[in-house]
Number of protein chains: 2
Amino acid sequence: MKHFDRLAGESARDYALKVLKANIVSLDLKPGTLISENEISAELGISRTPLREAIIDLSKASVIETYPQKGNFVALIDPKMVEEARFLRRVLDTAVIEAACESINPADLDILEDNVSLQEFYLEKGNAEKIYELDNMFHKAIYTAAQKDIIYDMSSTMMIHFDRVRTLSVETVKDLKIVNDHRGMLEAIKKHDKENAVLLVNKHLSRYRFDEDNIRKNFPDFFK
Amino acid sequence: MKHFDRLAGESARDYALKVLKANIVSLDLKPGTLISENEISAELGISRTPLREAIIDLSKASVIETYPQKGNFVALIDPKMVEEARFLRRVLDTAVIEAACESINPADLDILEDNVSLQEFYLEKGNAEKIYELDNMFHKAIYTAAQKDIIYDMSSTMMIHFDRVRTLSVETVKDLKIVNDHRGMLEAIKKHDKENAVLLVNKHLSRYRFDEDNIRKNFPDFFK
DNA sequence: GCTAGTCTACTTGTATACAAGTATGCCACA
DNA sequence: TGTGGCATACTTGTATACAAGTAGACTAGC
């Protein structure tokens with residue numbers, strides 16, 4: 001399992017949640033792995049209580065499955081859950097960008113503008129990692145602009161199902177296209193052009209259609 | 001605070017969550033109330049740990065606000081959160097009924113049919129409480145039919161913001177109209193008529209537009 | 001009367017102890 | 001050889017103990 005530093009002021013619970021999420025998405029914690037509360041809490045240098053609280057959070061979204069007196073297991077990749085996550089993302093992203101088109105304010109627009117400009121900067125530099133980071137921030141910033149922060153938070157746990165398949169996918173989406181998509185979405189929001197914004201979101205998300213059959217063939221043990 | 005029996009086999013955590021949710025929605029736990037972990041755990045006859053785990057769950061959706069070393073407080077009614085919940089419900093219900101129109105299977109259709117028939121039965125009997133119960137089950141059954149169960153679970157906590165205002169609303173929605181709406185939605189699903197289904201869902205939800213200004217005047221202390 | 005400071009009684013956050021259930025390996029015995 | 005049963009070493013669920021911080025009442029001193 002990958003380790004992270006515990007930030008100053010960060011609670012043991014938030015720390016545990018951060019580490020678990022990152023390791024599940026990156027597949028350093030493989031689907032099916034037993035997450036022993038004793039073992040992991042020792043590894044993170046915290047007690048069972050806050051770790052347990054983080055585990056419960058993830059089991060709400062079926063990212064971890066808890067069997068009493070048996071153990072907590074990282075959920076196998078379940079096509080039904082991946083589909084639910086994909087559905088949720090499409091539905092929410094569509095509705096939220098519409099809302100953003102209606103209610104965007106200058107301050108939030110600046111944040112989005114800065115973000116996309118940075119993406120374009122790192123695109124020239126060829127820094128894929130930074131773009132990945134900015135991608136996530138861009139996405140979240142649209143929710144904030146539409147005043148839908150809590151919805152974003154609640155959906156983010158669900159997205160782990162989706163992001164895990166993304167990690168396994170060999171064919172990575174080209175940064176060039178992603179950044180272009182983002183630029184287009186931003187311009188649509190600026191012009192309050194809902195119709196175009198929705199079209200662009202769906203086009204953007206359609207880039208993340210993986211060859212699940214093939215992935216399953218390569219990693220059969222990871223699937224349900 | 002209202003009490004409930006702890007069901008056989010129900011974990012202390014699930015029990016605590018059930019009791020807290022019910023009391024927050026019914027406003028027996030008033031907005032702004034301190035939820036002392038010691039006091040409430042004693043009242044429920046459980047220890048702090050499982051109660052705490054339930055509280056954390058509710059604070060994820062901002063239904064409870066936790067201030068470290070100060071206390072857990074039932075969140076004041078925040079129009080922004082009510083709006084987020086209303087938005088989420090409209091967006092999800094719309095998308096989910098569309099999905100149900102596409103993928104409904106006979107078994108799930110039977111469940112819906114039985115449910116609406118019962119609603120019609122209790123409508124004649126004038127049993128509003130039963131209709132309320134069946135209403136919630138109908139709603140959930142559509143998500144199940146569309147294979148979106150986890151999404152339903154995750155959104156249900158968010159709905160507390162919405163349901164709390166519903167509780168305060170004096171003008172209750174007429175059972176007659178509700179049951180009619182449900183019958184219409186079911187028939188639309190049967191016919192795979194997405195367009196009509198979406199129209200009916202939005203008409204149905206539009207019945208739940210409360211006079212928030214008036215409610216706020218009557219219960220100023222409950223609002224943020 | 002007013003203010004500074006302290007004491008006290010709370011609060012949550014975390015750590016640990018105990019209870020109860022499960023799976024597995026091993027051994028005795030048929 | 002095969003099988004029943006028990007010991008053991010795990011697991012999570014719950015209860016309790018301790019740490020650290022907050023707020024408010026009360027008192028001493030001015």
# chains A, B, ... in the order shown; residues from 1 in each chain; ligands from 1
$ select_by_dssp --residues "range 14-73 of chain B" --states "strand (DSSP E)" --output "PyMOL selection string"
chain B and resi 64-67+71-73
$ interface_residues --of "chain A" --to "chain B" --cutoff "7 Å" --atoms "only C-alpha atoms" --output "compact mmCIF listing (two decimals) with C-alpha atoms, in the first residue's frame"
# COMPACT_ATOMS: atom_id res chain seq x y z
CA GLU A 53 -14.89 5.31 10.63
CA ALA A 61 -20.89 3.32 -1.50
CA GLU A 84 -24.19 3.17 -11.68
CA VAL A 91 -26.61 12.79 -15.12
CA ALA A 95 -27.50 19.02 -14.92
CA LYS A 148 -23.73 22.04 -5.70
CA ILE A 150 -22.35 18.71 -1.21
$ interface_residues --of "chain B" --to "chain D" --cutoff "9 Å" --atoms "only C-alpha atoms (C1' of nucleotides)" --output "MDAnalysis selection string"
chainID B and resid 11:12 46:50 68:70
$ closest_atom_pairs --of "chain C" --to "chain A" --cutoff "9 Å" --atoms "only C-alpha atoms (C1' of nucleotides)" --output "CSV"
residue,atom,partner,partner_atom,distance
C:DG13,C1',A:Ser11,CA,8.3
C:DT14,C1',A:Ser47,CA,7.0
C:DA15,C1',A:Ser47,CA,6.0
C:DT16,C1',A:Ser47,CA,8.6
C:DA20,C1',A:Gln69,CA,8.5
C:DG21,C1',A:Gln69,CA,5.6
C:DT22,C1',A:Lys70,CA,6.3
C:DA23,C1',A:Lys70,CA,8.7
$ residues_around --residues "Lys140 in chain A" --least-positions-apart "3" --cutoff "9 Å" --atoms "only C-alpha atoms (C1' of nucleotides)" --output "number ranges by chain"
A: 135-137, 143-145, 149, 152-153
